[in-house]
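Engineer: Below is the file entry_3.cif, with mmCIF, C-alpha atoms and all ligand atoms.
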data_entry
loop_
_atom_site.label_atom_id
_atom_site.label_comp_id
_atom_site.auth_asym_id
_atom_site.auth_seq_id
_atom_site.Cartn_x
_atom_site.Cartn_y
_atom_site.Cartn_z
CA MET A 1 144.05 34.41 95.91
CA LEU A 2 145.40 37.14 93.69
CA GLU A 3 145.95 39.28 96.76
CA THR A 4 148.78 36.96 97.72
CA CYS A 5 150.60 38.06 94.57
CA ALA A 6 151.07 41.43 96.20
CA GLN A 7 153.69 39.65 98.32
CA HIS A 8 156.03 40.05 95.39
CA PRO A 9 156.85 43.71 94.85
CA LYS A 10 157.16 43.43 91.07
CA MET A 11 154.04 41.39 90.60
CA ASN A 12 150.45 42.13 89.87
CA PRO A 13 149.48 39.76 87.08
CA ALA A 14 145.91 41.01 86.92
CA ALA A 15 147.15 44.49 86.12
CA ALA A 16 150.01 43.50 83.82
CA PRO A 17 149.16 45.21 80.52
CA ASN A 18 148.82 43.05 77.43
CA PRO A 19 147.35 45.19 74.63
CA GLU A 20 146.81 42.23 72.30
CA TRP A 21 144.72 40.45 74.92
CA GLU A 22 142.85 43.61 75.83
CA SER A 23 141.82 44.22 72.26
CA PHE A 24 140.66 40.59 71.96
CA TYR A 25 138.76 40.81 75.26
CA ARG A 26 136.84 43.89 74.09
CA LYS A 27 135.59 42.17 70.92
CA ASP A 28 131.97 41.19 70.54
CA ILE A 29 131.28 37.62 71.67
CA THR A 30 130.25 36.51 68.17
CA GLU A 31 133.69 37.54 66.89
CA LYS A 32 135.46 35.69 69.70
CA LEU A 33 133.64 32.37 69.60
CA PRO A 34 135.47 30.85 66.58
CA THR A 35 138.75 31.20 68.52
CA PHE A 36 137.53 28.55 70.96
CA SER A 37 136.22 26.03 68.39
CA ARG A 38 137.77 23.76 65.78
CA ASP A 39 136.06 21.80 62.96
CA GLY A 40 132.63 22.89 64.23
CA ARG A 41 133.33 21.58 67.73
CA LEU A 42 134.08 23.40 70.96
CA CYS A 43 137.67 23.08 72.20
CA ASP A 44 137.05 25.15 75.31
CA CYS A 45 133.97 25.79 77.41
CA LEU A 46 134.05 29.44 78.45
CA PHE A 47 130.66 31.04 77.76
CA ALA A 48 127.08 29.79 77.79
CA GLN A 49 126.66 31.47 74.38
CA GLN A 50 128.83 28.70 72.88
CA PHE A 51 126.04 26.14 73.22
CA ASP A 52 123.33 25.52 70.66
CA ARG A 53 120.30 23.28 71.02
CA ASP A 54 121.86 20.38 69.19
CA LEU A 55 124.89 20.33 71.49
CA LEU A 56 122.77 20.74 74.63
CA ASP A 57 120.56 17.82 73.62
CA ARG A 58 123.61 15.71 72.78
CA LEU A 59 125.26 16.41 76.13
CA CYS A 60 122.08 15.57 78.05
CA ARG A 61 121.76 12.30 76.12
CA LEU A 62 125.41 11.48 76.74
CA ALA A 63 125.03 12.19 80.47
CA ASP A 64 121.97 9.89 80.63
CA HIS A 65 123.84 7.16 78.82
CA MET A 66 126.88 7.42 81.08
CA ARG A 67 124.90 7.21 84.30
CA ASP A 68 123.24 4.14 82.87
CA ILE A 69 126.54 2.52 81.85
CA THR A 70 128.08 2.94 85.30
CA LYS A 71 125.32 0.87 86.89
CA THR A 72 127.35 -2.20 85.97
CA ARG A 73 130.92 -2.93 87.01
CA HIS A 74 131.78 -3.66 83.40
CA GLY A 75 130.41 -0.29 82.25
CA ASP A 76 132.19 1.55 85.04
CA ASP A 77 135.50 -0.07 84.05
CA PHE A 78 134.86 0.79 80.40
CA LEU A 79 134.39 4.50 81.16
CA ARG A 80 137.45 4.55 83.41
CA GLY A 81 139.56 3.27 80.53
CA LEU A 82 138.36 5.93 78.07
CA LEU A 83 140.68 8.80 79.02
CA ALA A 84 143.21 7.02 81.22
CA ASN A 85 146.04 8.57 79.18
CA LYS A 86 144.89 12.13 80.00
CA ARG A 87 145.64 14.50 82.85
CA ALA A 88 143.65 17.47 84.12
CA MET A 89 144.47 20.45 86.32
CA LEU A 90 141.84 21.78 88.69
CA PHE A 91 142.84 25.41 89.32
CA PHE A 92 140.43 27.08 91.74
CA SER A 93 141.15 30.52 93.21
CA GLN A 94 137.72 30.83 94.83
CA PRO A 95 136.01 28.61 97.40
CA SER A 96 134.14 25.66 95.94
CA THR A 97 132.66 22.45 97.24
CA ARG A 98 130.34 20.94 94.65
CA THR A 99 131.83 22.36 91.45
CA PHE A 100 135.28 21.16 92.52
CA LEU A 101 134.09 17.76 93.70
CA SER A 102 131.86 17.16 90.71
CA PHE A 103 134.66 17.96 88.26
CA MET A 104 137.05 15.80 90.26
CA SER A 105 134.51 12.96 90.21
CA ALA A 106 133.81 13.47 86.49
CA CYS A 107 137.53 13.12 85.76
CA GLN A 108 137.71 10.00 87.92
CA ILE A 109 134.74 8.42 86.11
CA LEU A 110 136.65 8.85 82.84
CA GLY A 111 139.98 7.69 84.28
CA ILE A 112 141.62 11.13 83.95
CA ARG A 113 144.41 11.78 86.45
CA VAL A 114 143.96 15.06 88.30
CA LEU A 115 146.36 17.68 89.66
CA GLU A 116 145.00 20.53 91.74
CA ILE A 117 145.91 24.05 92.84
CA ARG A 118 143.50 25.74 95.21
CA ASP A 119 145.86 28.04 97.00
CA LEU A 120 147.77 30.41 94.72
CA LYS A 121 150.32 31.00 97.47
CA THR A 122 151.76 27.65 96.45
CA SER A 123 152.25 28.71 92.79
CA SER A 124 155.23 30.54 91.29
CA GLN A 125 153.19 33.69 90.88
CA VAL A 126 154.41 34.63 94.32
CA LYS A 127 157.95 34.57 92.88
CA GLY A 128 156.90 37.14 90.30
CA GLU A 129 155.93 34.87 87.40
CA SER A 130 153.35 36.35 85.03
CA ILE A 131 150.00 34.63 84.85
CA GLU A 132 150.59 33.93 81.17
CA ASP A 133 153.73 31.95 82.01
CA THR A 134 152.00 30.12 84.86
CA ILE A 135 149.22 29.05 82.49
CA ARG A 136 151.75 27.92 79.86
CA THR A 137 153.44 25.86 82.56
CA PHE A 138 150.20 24.06 83.44
CA ALA A 139 149.81 23.25 79.77
CA ALA A 140 153.15 21.42 79.81
CA TYR A 141 151.73 18.82 82.19
CA VAL A 142 148.03 18.45 81.47
CA ASP A 143 145.54 18.04 78.63
CA LEU A 144 142.66 19.88 80.31
CA ILE A 145 142.51 22.87 82.66
CA ILE A 146 139.37 23.35 84.73
CA MET A 147 139.52 26.81 86.22
CA ARG A 148 137.55 28.94 88.67
CA HIS A 149 138.75 32.49 89.16
CA HIS A 150 137.43 35.57 90.94
CA THR A 151 138.35 37.93 88.07
CA PRO A 152 135.85 38.07 85.20
CA GLY A 153 137.60 37.28 81.91
CA PHE A 154 140.51 35.52 83.59
CA VAL A 155 139.55 32.02 82.44
CA GLU A 156 139.02 33.36 78.93
CA LYS A 157 142.49 34.89 79.07
CA ALA A 158 144.00 31.54 80.07
CA SER A 159 142.36 29.90 77.10
CA TRP A 160 143.46 32.73 74.79
CA VAL A 161 147.07 32.41 76.02
CA LEU A 162 147.02 28.69 75.22
CA GLN A 163 145.92 29.29 71.63
CA THR A 164 149.57 29.96 70.85
CA GLY A 165 150.84 27.07 72.97
CA HIS A 166 152.64 23.98 71.74
CA ARG A 167 150.09 21.45 72.96
CA PRO A 168 146.32 21.43 72.52
CA VAL A 169 144.87 21.96 75.99
CA SER A 170 141.17 22.53 76.61
CA VAL A 171 140.00 25.01 79.21
CA ILE A 172 136.72 24.77 81.10
CA ASN A 173 135.31 27.78 82.93
CA ALA A 174 134.19 26.58 86.39
CA GLY A 175 133.08 30.10 87.39
CA SER A 176 134.60 33.48 86.50
CA GLY A 177 133.89 36.34 88.90
CA ALA A 178 130.30 37.57 88.76
CA ASP A 179 130.38 36.98 85.03
CA GLN A 180 129.66 33.40 83.91
CA HIS A 181 129.37 29.84 85.14
CA PRO A 182 128.56 27.92 81.96
CA THR A 183 128.79 24.38 83.36
CA GLN A 184 126.36 25.29 86.15
CA ALA A 185 123.99 26.41 83.40
CA LEU A 186 124.48 23.04 81.67
CA LEU A 187 123.53 21.15 84.81
CA ASP A 188 120.56 23.44 85.32
CA ILE A 189 119.34 22.71 81.79
CA TYR A 190 119.90 18.99 82.32
CA THR A 191 117.89 19.17 85.55
CA LEU A 192 115.05 21.20 84.01
CA ASN A 193 114.79 18.77 81.12
CA ARG A 194 114.83 15.74 83.41
CA TYR A 195 112.14 16.83 85.83
CA LEU A 196 109.79 19.15 83.94
CA PRO A 197 107.06 17.23 82.15
CA GLY A 198 107.81 17.58 78.43
CA GLY A 199 111.14 19.35 79.08
CA LEU A 200 111.94 23.04 79.12
CA ASP A 201 110.24 24.20 75.90
CA GLY A 202 107.19 26.37 76.59
CA LYS A 203 107.88 26.71 80.30
CA HIS A 204 107.92 29.65 82.71
CA LEU A 205 111.14 29.97 84.69
CA VAL A 206 111.33 32.27 87.72
CA MET A 207 114.80 33.36 88.87
CA VAL A 208 114.99 34.79 92.37
CA GLY A 209 117.49 36.71 94.48
CA ASP A 210 120.74 38.49 93.77
CA LEU A 211 120.44 38.46 90.00
CA LYS A 212 122.85 41.35 89.55
CA ARG A 213 125.90 39.53 90.88
CA GLY A 214 124.96 35.87 90.49
CA ARG A 215 126.88 34.30 87.62
CA THR A 216 124.66 31.21 87.47
CA VAL A 217 121.52 33.15 86.51
CA ARG A 218 123.45 35.05 83.86
CA SER A 219 124.72 31.90 82.16
CA LEU A 220 121.34 30.19 82.46
CA SER A 221 119.61 33.21 80.86
CA TYR A 222 121.93 32.98 77.86
CA LEU A 223 120.99 29.33 77.33
CA MET A 224 117.29 30.21 77.09
CA LYS A 225 117.74 31.23 73.45
CA ASN A 226 117.89 27.51 72.66
CA TYR A 227 114.37 26.71 73.90
CA GLN A 228 111.04 27.42 72.26
CA GLY A 229 108.36 29.46 74.00
CA VAL A 230 110.22 29.94 77.29
CA ARG A 231 109.38 32.97 79.40
CA LEU A 232 111.31 34.35 82.33
CA THR A 233 110.42 36.29 85.44
CA PHE A 234 113.23 37.91 87.41
CA VAL A 235 112.37 38.45 91.06
CA ALA A 236 114.93 40.58 92.86
CA PRO A 237 115.28 43.44 95.30
CA GLU A 238 115.73 46.80 93.60
CA ALA A 239 119.48 46.87 94.35
CA PHE A 240 120.15 43.44 92.81
CA ARG A 241 118.12 43.44 89.61
CA MET A 242 119.32 41.57 86.53
CA GLU A 243 121.98 43.51 84.59
CA PRO A 244 120.93 45.38 81.41
CA ASP A 245 123.27 43.35 79.17
CA ILE A 246 121.26 40.18 79.92
CA LEU A 247 117.94 41.99 79.41
CA ALA A 248 119.24 43.31 76.07
CA PHE A 249 120.29 39.77 75.08
CA LEU A 250 116.78 38.48 75.88
CA ASN A 251 115.24 41.32 73.85
CA ARG A 252 117.49 40.54 70.88
CA HIS A 253 116.38 36.91 71.01
CA GLN A 254 112.74 37.82 71.64
CA ILE A 255 112.56 35.90 74.87
CA PRO A 256 109.67 37.31 76.94
CA HIS A 257 110.74 38.41 80.39
CA ARG A 258 109.58 40.66 83.18
CA GLU A 259 111.03 42.00 86.42
CA THR A 260 109.32 42.22 89.79
CA ASP A 261 110.06 42.19 93.50
CA ASP A 262 106.89 40.27 94.34
CA LEU A 263 107.77 36.58 94.71
CA ALA A 264 104.42 35.41 96.08
CA SER A 265 102.44 36.49 93.01
CA THR A 266 104.76 34.68 90.57
CA LEU A 267 104.79 31.30 92.30
CA LYS A 268 101.38 30.04 91.25
CA GLU A 269 102.21 30.30 87.57
CA ALA A 270 105.82 29.06 87.70
CA ASP A 271 107.06 25.81 86.19
CA ALA A 272 110.49 26.19 87.76
CA VAL A 273 111.76 28.47 90.52
CA TYR A 274 115.51 29.06 90.62
CA MET A 275 116.62 30.47 93.96
CA THR A 276 119.97 32.14 94.63
CA ARG A 277 121.78 33.42 97.70
CA ILE A 278 122.95 36.96 98.22
CA GLN A 279 126.42 37.29 96.65
CA ASP A 280 127.96 39.43 99.37
CA GLU A 281 131.51 38.50 98.41
CA HIS A 282 131.05 41.11 95.66
CA ASP A 283 130.03 43.90 98.05
CA ALA A 284 132.02 47.08 97.56
CA GLY A 285 130.62 48.87 100.62
CA GLY A 286 128.21 46.74 102.64
CA GLU A 287 125.31 46.97 100.14
CA SER A 288 124.05 43.49 101.12
CA GLN A 289 123.46 44.73 104.68
CA ARG A 290 121.14 47.44 103.42
CA VAL A 291 118.83 45.02 101.59
CA ASP A 292 115.96 43.13 103.23
CA TYR A 293 116.38 39.72 101.58
CA SER A 294 113.56 38.02 103.52
CA PRO A 295 110.90 38.62 100.80
CA PHE A 296 113.11 36.46 98.58
CA HIS A 297 112.99 33.41 100.86
CA ILE A 298 110.93 30.25 100.33
CA GLY A 299 109.41 28.13 103.09
CA THR A 300 106.56 25.63 103.23
CA ALA A 301 103.95 28.42 103.05
CA GLN A 302 105.35 29.63 99.71
CA MET A 303 105.67 26.05 98.43
CA ALA A 304 101.91 25.65 98.94
CA LYS A 305 101.43 28.21 96.13
CA LEU A 306 103.68 26.40 93.65
CA PRO A 307 101.96 24.08 91.11
CA LYS A 308 102.28 20.34 91.70
CA HIS A 309 104.37 19.72 88.59
CA ALA A 310 106.81 22.58 89.28
CA VAL A 311 110.40 22.24 90.49
CA LEU A 312 112.40 24.27 92.99
CA MET A 313 116.10 24.62 92.15
CA HIS A 314 119.16 26.25 93.68
CA PRO A 315 122.80 26.16 92.50
CA LEU A 316 123.83 25.90 96.19
CA PRO A 317 125.27 26.73 98.64
CA ARG A 318 122.13 28.07 100.27
CA ARG A 319 121.79 30.26 103.28
CA GLU A 320 118.31 31.18 104.50
CA GLU A 321 116.60 31.58 101.14
CA ILE A 322 115.21 28.03 101.23
CA HIS A 323 114.03 26.76 104.61
CA PRO A 324 115.34 23.22 105.34
CA ASP A 325 111.73 22.05 105.87
CA VAL A 326 111.26 22.44 102.12
CA ASP A 327 113.88 19.74 101.43
CA LYS A 328 111.28 17.02 102.04
CA ASP A 329 109.00 18.37 99.30
CA PRO A 330 109.36 16.21 96.15
CA ARG A 331 109.42 19.39 94.06
CA ALA A 332 112.66 20.46 95.77
CA VAL A 333 115.20 19.04 93.32
CA TYR A 334 118.40 20.86 94.35
CA TRP A 335 120.14 17.80 95.78
CA ARG A 336 119.43 15.88 92.60
CA GLN A 337 120.48 18.97 90.61
CA GLU A 338 123.84 18.82 92.38
CA ARG A 339 124.40 15.17 91.37
CA ASN A 340 123.25 15.92 87.82
CA GLY A 341 126.23 18.30 87.73
CA MET A 342 128.66 15.43 87.98
CA TRP A 343 127.06 13.63 85.03
CA ILE A 344 126.74 16.58 82.67
CA ARG A 345 130.35 17.57 83.43
CA THR A 346 131.42 14.01 82.69
CA ALA A 347 129.54 14.28 79.39
CA LEU A 348 131.14 17.65 78.59
CA ILE A 349 134.65 16.31 79.19
CA ALA A 350 133.96 13.19 77.11
CA TYR A 351 132.68 15.47 74.33
CA LEU A 352 135.76 17.73 74.48
CA PHE A 353 137.97 14.66 74.03
CA ARG A 354 135.75 13.38 71.17
CA MET A 355 134.61 10.30 73.07
CA GLU A 356 130.89 10.62 72.31
CA LYS A 357 130.78 7.82 69.75
CA ALA A 358 132.72 5.43 71.95
CA VAL A 359 130.37 6.09 74.87
CA LEU A 360 127.14 5.88 72.89
CA GLY A 361 128.34 2.69 71.20
CA HIS A 362 128.76 0.98 74.55
CA HIS A 363 125.83 -0.77 76.19
CA SER A 364 125.73 -1.54 79.87
CA GLU A 365 125.08 -5.24 79.44
CA GLY A 366 128.55 -5.34 77.76
C1 LIG B 1 127.49 28.99 92.61
C2 LIG B 1 128.71 29.79 92.23
O1 LIG B 1 129.82 29.47 92.62
O2 LIG B 1 128.51 30.75 91.49
N1 LIG B 1 127.81 27.80 93.27
C3 LIG B 1 128.08 26.70 92.53
O3 LIG B 1 128.99 26.66 91.72
N2 LIG B 1 127.24 25.67 92.68
C4 LIG B 1 126.46 29.79 93.32
C5 LIG B 1 126.83 30.51 94.58
O4 LIG B 1 127.97 30.43 95.07
O5 LIG B 1 125.94 31.19 95.10
#
Rewrite the coordinates I just gave you, this time as structure tokens.
Ligand code: NCD

Structural biologist:
Amino acid sequence: MLETCAQHPKMNPAAAPNPEWESFYRKDITEKLPTFSRDGRLCDCLFAQQFDRDLLDRLCRLADHMRDITKTRHGDDFLRGLLANKRAMLFFSQPSTRTFLSFMSACQILGIRVLEIRDLKTSSQVKGESIEDTIRTFAAYVDLIIMRHHTPGFVEKASWVLQTGHRPVSVINAGSGADQHPTQALLDIYTLNRYLPGGLDGKHLVMVGDLKRGRTVRSLSYLMKNYQGVRLTFVAPEAFRMEPDILAFLNRHQIPHRETDDLASTLKEADAVYMTRIQDEHDAGGESQRVDYSPFHIGTAQMAKLPKHAVLMHPLPRREEIHPDVDKDPRAVYWRQERNGMWIRTALIAYLFRMEKAVLGHHSEG
């Protein structure tokens, strides 16, 4: 955790001023995006706004193909040989179970060797090293950095620092503060397209819970610009309504959306319901305690209102917002959603290393 950096009297890397970075960080996203692409391809995955429909469709296809290939021993061996000369660093400053494990598994599927740092007390930042130098050091050893950090913009900064590095190293944002979680949004899209009849186009998606501080719903909302005829309903308590920047984005892209605190009335016309937990790690003064979250819970009674074809999703971990009795309902797809994460992340990594053609050219029968 960054707090541990306070152990060194001269050190507070988050606060260390870097005017060049700060002026880059303040730029509009459309101005920044080219920095993280080369030859019309993404080099880093930092923001959901980097993805267009063509790339989303390609990644979903690649993920499908890879899960098919690994059904045979021959196919599994083939994938494991693809990136056996590469190394990745998993750098996670916040707790994680599934994002960490799915990225670790994705690397293993592709034969990538993995180093990990999950406790910043073990890094040289505690000796007073700047974060810029720590990041440059990672880049000396690995070809890919997969990073989760509690400070919004931190992962972007790491990628920006590496633009002037001596080796090309891709950075993947595995969750940055309450800001973005683009690979969660990819797995959500993959899941929606797999289980909704006819895919996501033309569907009604209901996002529920702490929409103000949940990074998954923010990234997923950005991806909606890639789908035709989608409409959104945001169901949240007054204190945790979706932030105005996302609503403005939806307005700019003419994506119909509405806000309510009445979950029951939205269920019967939903195609997908996306539940989230209260994000109390972002509380500044106990605001989560003051909110009655129970109207934003789903149990079997609420499931009875949901159409037969609809799906119930959750990025997980859950608390009380989905009753465990609901797990048996075939419309509850969150455990499958979790596994889809491993496959779409495998596809993303293969794409970043330009392995799409090799994968698609391989057929499982060998
Ligand atoms: C989410 C996250 O970390 O933002 N979890 C995840 O990556 N699957 C959601 C959450 O923690 O509530």

Engineer: Within 8 Å of ligand LIG 1 (chain B), which residues of chain A come that close, and what is the closest atom pair and distance in Å for each? Count only C-alpha atoms and all ligand atoms and give it as a tab-separated table.

Structural biologist:
residue	atom	partner	partner_atom	distance
A:Pro95	CA	B:LIG1	O1	7.9
A:Ser96	CA	B:LIG1	O1	6.6
A:Thr97	CA	B:LIG1	N2	7.8
A:Arg98	CA	B:LIG1	N2	6.0
A:Thr99	CA	B:LIG1	O3	5.2
A:Ala174	CA	B:LIG1	O3	7.4
A:Gly175	CA	B:LIG1	O2	6.2
A:Ala178	CA	B:LIG1	O2	7.6
A:His181	CA	B:LIG1	O2	6.5
A:Gln184	CA	B:LIG1	O3	6.3
A:Gly214	CA	B:LIG1	O2	6.3
A:Arg215	CA	B:LIG1	O2	5.5
A:Thr216	CA	B:LIG1	O2	5.6
A:Thr276	CA	B:LIG1	O5	6.1
A:Arg277	CA	B:LIG1	O5	5.4
A:Ile278	CA	B:LIG1	O5	7.2
A:Gln279	CA	B:LIG1	O5	6.3
A:Pro315	CA	B:LIG1	N2	4.5
A:Leu316	CA	B:LIG1	N2	4.9
A:Pro317	CA	B:LIG1	O5	5.7
A:Arg318	CA	B:LIG1	O5	7.1
A:Glu338	CA	B:LIG1	N2	7.7

Engineer: Just the number, please: distance in Å from atom CA of Phe36 of chain A to atom CA of Ala48 of chain A, one decimal.

Structural biologist: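 So the answer is 12.5 Å.
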
Engineer: Mind giving me the straight-line distance from atom CA of Arg336 of chain A to atom CA of Val235 of chain A in Å, one decimal?

Structural biologist: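 These two atoms are separated by 23.7 Å.
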
Engineer: Which value, in Å to one decimal, gives the distance between atom CA of Asp280 of chain A and atom CA of Gly299 of chain A?

Structural biologist: 22.0 Å

Engineer: Place a sphere of radius 12 Å on (151.8, 21.6, 73.4) in the file coordinates and name every protein, DNA or RNA residue with an atom inside or on its surface, counting only C-alpha atoms; give the answer as a list in words.

Structural biologist: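 Those residues, ordered by chain and then number, are Arg136, Thr137, Phe138, Ala139, Ala140, Tyr141, Val142, Asp143, Leu144, Leu162, Gln163, Thr164, Gly165, His166, Arg167, Pro168, Val169 and Ser170 of chain A.
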
Engineer: Which residue out of A:Phe100, A:Arg61, A:Gln50, A:Gly198 has the minimum interatomic distance to Ser37 of chain A when only C-alpha atoms are used?

Structural biologist: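 That would be A:Gln50, the residue with the smallest distance to Ser37 of chain A.
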
Engineer: Have a look at A:Asn226, A:Asp261, A:Ile112, A:Ser93 and name the one nearest to Pro295 of chain A; count all atoms listed in the file.

Structural biologist: A:Asp261

Engineer: List the neighbours of Ala301 of chain A out to 10 Å using all atoms listed in the file; skip same-chain residues closer than 4 positions along the sequence, and give me the result as a list in words.

Structural biologist: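 Close residues of Ala301 of chain A: Ala264, Lys305, Leu306 and Val326 of chain A.
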
Engineer: Can you work out which one of A:Ala236, A:Val155, A:Leu348, A:Leu33 has the shortest atom-to-atom distance to His297 of chain A, counting all atoms listed in the file?

Structural biologist: A:Ala236

Engineer: Leaving out Tyr195 of chain A and any residue of its chain fewer than 6 positions from it, which residues lie within 9 Å of it when counting all atoms listed in the file, given as a tab-separated table (two decimals) with C-alpha atoms, in the frame of the given file?

Structural biologist:
chain	number	residue	atom	x	y	z
A	309	HIS	CA	104.37	19.72	88.59
A	310	ALA	CA	106.81	22.58	89.28
A	311	VAL	CA	110.40	22.24	90.49
A	333	VAL	CA	115.20	19.04	93.32

Engineer: Would you list the residues near (127.1, 29.5, 74.2), meaning any protein, DNA or RNA residue with an atom at most 10 Å from that point in file coordinates, counting all atoms listed in the file, as a PyMOL selection string?

Structural biologist: chain A and resi 29-30+33+42+45-53+55-56+182+219+222-223+225-226

Engineer: For Met342 of chain A, which residue out of A:Ile69, A:Val171, A:Leu186, A:Leu83 is the nearest one, using all atoms listed in the file?

Structural biologist: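 Answer, going by the shortest atom-to-atom distance: A:Leu186.
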
Engineer: Ranking A:Lys86, A:Arg345, A:Arg354, A:Lys212 by minimum distance to Met66 of chain A and counting all atoms listed in the file, which one comes first?

Structural biologist: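 Result for the nearest residue to Met66 of chain A: A:Arg345.
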
Engineer: Quick one: axis-aligned box around all listed atoms of segment 256-264 of chain A, 4 Å on every side, centre and edge lengths in Å to one decimal, written as lines of an AutoDock Vina configuration file.

Structural biologist:
center_x = 107.7
center_y = 38.8
center_z = 86.5
size_x = 14.6
size_y = 14.8
size_z = 27.1

Engineer: Tell me, as a ChimeraX atom specification, which residues lie within 12 Å of Lys203 of chain A, counting all atoms listed in the file; anything in the same chain fewer than 2 positions away does not count.

Structural biologist: /A:192-193,196-201,205-206,224,227-233,255-256,269-273,309-311

Engineer: Determine the nearest neighbour of Met355 of chain A from the options A:Pro307, A:Pro324, A:Gly81, A:Gly177, counting all atoms listed in the file.

Structural biologist: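 The shortest atom-to-atom distance to Met355 of chain A comes from A:Gly81.
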